[in-house]
Amino acid sequence: VVAGMFCPADTVERDGKTINRVSNTALIAGPGVLGGYDKIHTYDAFDYRESDTVLAGESLVAFDVDDLVVGVATCYDIRFPEQFKELASQGAQLIVVPTSWADGPGKLEQWRLLTAARALDSTSYIVAAGQSRPGGDAKAGNPSGPTGIGHSTIVDPNGVRVAEAGYEDDILYAEIDPNEVAKTRRTLPVVTPAD
């Protein structure tokens with residue numbers, strides 16, 4: 001299980017104020033696995049500074065589930081292809097991305113494009129769990145920040161969307177085939193394995 005949460009991080013002084021920052025943590029728990037990943041790329045964009053209240057993580061995280069290596073990224077990390085390529089070079093065959101992607105004009109198209117692009121960049125499966133849209137279909141397309149747009153998705157190593165939810169709550173299922181990752185990496189060698 002990979003579940004997003006906030007954890008206490010540090011205290012900083014900004015503009016005469018004391019701010020208790022948090023880490024945006026993906027908790028990882030399962031048989032033989034217990035850990036966490038702290039989001040590396042804080043959302044400092046469009047006149048918003050997430051880094052004022054969230055401490056950026058520093059380390060990539062991957063773990064084994066049976067014969068599958070799973071990497072972790074969070075939300076805004078999806079805009080940074082080098083992170084996904086590095087996870088793949090460390091052996092990740094599937095990368096999970098818990099997300100709260102805001103809704104609004106063009107945001108669904110960006111989400112779909114970025115999830116497919118990161119699958120292609122890393123030749124890995126991408127399992128991107130998007131927080132469902134408050135108000136569901138009735139509010140679709142209207143600005144929602146910082147809450148989600150929904151549209152959780154599973155994308156294969158060739159960029160093909162094998163499952164996608166809508167704006168509402170949903171559960172997705174798909175077969176993840178490590179052999180498909182190996183085959184894709186043989187035919188499209190864009191990731192250099194780490195030593």
# chains A, B, ... in the order shown; residues from 1 in each chain; ligands from 1
$ residues_around --residues "A:Asp38" --least-positions-apart "4" --cutoff "7 Å" --atoms "only C-alpha atoms" --output "list in words"
Ser23, Asn24, Thr25, Ala26, Ala56 and Gly57 of chain A
$ write_last_selection --atoms "all heavy atoms" --output "short mmCIF file (atom, residue, chain, number, x, y, z; two decimals), in the first residue's frame"
data_model
loop_
_atom_site.label_atom_id
_atom_site.label_comp_id
_atom_site.auth_asym_id
_atom_site.auth_seq_id
_atom_site.Cartn_x
_atom_site.Cartn_y
_atom_site.Cartn_z
N SER A 23 6.51 17.32 5.65
CA SER A 23 6.96 16.58 4.47
C SER A 23 5.72 15.98 3.82
O SER A 23 4.83 15.51 4.52
CB SER A 23 7.91 15.45 4.87
OG SER A 23 9.09 15.98 5.40
N ASN A 24 5.66 16.04 2.50
CA ASN A 24 4.59 15.38 1.76
C ASN A 24 5.09 13.95 1.53
O ASN A 24 5.90 13.70 0.64
CB ASN A 24 4.33 16.10 0.45
CG ASN A 24 3.13 15.58 -0.29
OD1 ASN A 24 2.68 14.47 -0.04
ND2 ASN A 24 2.62 16.37 -1.22
N THR A 25 4.62 13.03 2.37
CA THR A 25 5.17 11.68 2.44
C THR A 25 4.22 10.66 1.83
O THR A 25 3.03 10.68 2.11
CB THR A 25 5.45 11.31 3.91
OG1 THR A 25 6.38 12.25 4.45
CG2 THR A 25 6.01 9.91 4.03
N ALA A 26 4.78 9.77 1.02
CA ALA A 26 4.05 8.60 0.56
C ALA A 26 4.46 7.46 1.48
O ALA A 26 5.61 6.99 1.43
CB ALA A 26 4.39 8.28 -0.89
N ALA A 56 11.13 19.88 0.99
CA ALA A 56 11.40 18.97 -0.13
C ALA A 56 12.23 17.77 0.35
O ALA A 56 13.14 17.92 1.16
CB ALA A 56 12.15 19.70 -1.23
N GLY A 57 11.88 16.60 -0.16
CA GLY A 57 12.67 15.41 0.12
C GLY A 57 13.95 15.41 -0.68
O GLY A 57 14.14 16.25 -1.57
#
$ residues_around --residues "stretch 116-118 of chain A" --least-positions-apart "3" --cutoff "10 Å" --atoms "only C-alpha atoms" --output "list in words"
Ile78, Arg79, Phe80, Pro81, Glu82, Gln83, Phe84, Lys85, Ile95, Gln110, Trp111, Arg112, Leu113, Asp121, Ser122, Thr123, Ser124, Tyr125, Ile126, Thr153, Ile154, Val155, Asp156, Pro157, Asn158, Gly159, Val160 and Arg161 of chain A
$ atom_distance --atom1 "atom CA of A:Gly106" --atom2 "atom CA of A:Ala140"
11.4 Å
$ residues_around --residues "stretch 133-136 of chain A" --least-positions-apart "6" --cutoff "6 Å" --atoms "only C-alpha atoms" --output "list in words"
Gly148, Ile149, Gly150, Tyr167 and Glu168 of chain A
$ write_last_selection --atoms "C-alpha atoms" --output "PDB file, in the first residue's frame"
ATOM      1  CA  GLY A 148      -7.972  16.561  -7.174  1.00  0.00           C
ATOM      2  CA  ILE A 149      -9.186  16.006 -10.711  1.00  0.00           C
ATOM      3  CA  GLY A 150      -9.583  12.242 -10.354  1.00  0.00           C
ATOM      4  CA  TYR A 167     -13.783  12.305 -11.909  1.00  0.00           C
ATOM      5  CA  GLU A 168     -15.634  10.193  -9.324  1.00  0.00           C
TER       6      GLU A 168
END
$ residues_around --residues "A:Leu60" --least-positions-apart "2" --cutoff "8 Å" --atoms "only C-alpha atoms" --output "mmCIF file with C-alpha atoms, in the first residue's frame"
data_model
loop_
_atom_site.group_PDB
_atom_site.id
_atom_site.type_symbol
_atom_site.label_atom_id
_atom_site.label_comp_id
_atom_site.auth_asym_id
_atom_site.auth_seq_id
_atom_site.Cartn_x
_atom_site.Cartn_y
_atom_site.Cartn_z
ATOM 1 C CA TYR A 37 9.129 8.660 0.229
ATOM 2 C CA GLU A 58 16.124 14.417 -1.053
ATOM 3 C CA ALA A 62 12.156 1.993 -4.713
ATOM 4 C CA GLY A 71 9.476 3.257 -7.519
ATOM 5 C CA VAL A 72 7.615 6.145 -5.900
ATOM 6 C CA GLN A 83 13.375 11.470 -11.685
ATOM 7 C CA LEU A 87 14.077 5.318 -10.803
#
$ closest_residue --among "A:Gly166, A:Pro146, A:Gly16, A:Gly4" --to "A:Ala29" --atoms "only C-alpha atoms"
A:Gly4
$ select_by_dssp --residues "stretch 57-126 of chain A" --states "strand (DSSP E or B)" --output "list in words"
Val61, Ala62, Phe63, Asp64, Val65, Leu68, Val69, Val70, Gly71, Val72, Leu94, Ile95, Val96, Val97, Pro98, Thr99, Tyr125 and Ile126 of chain A
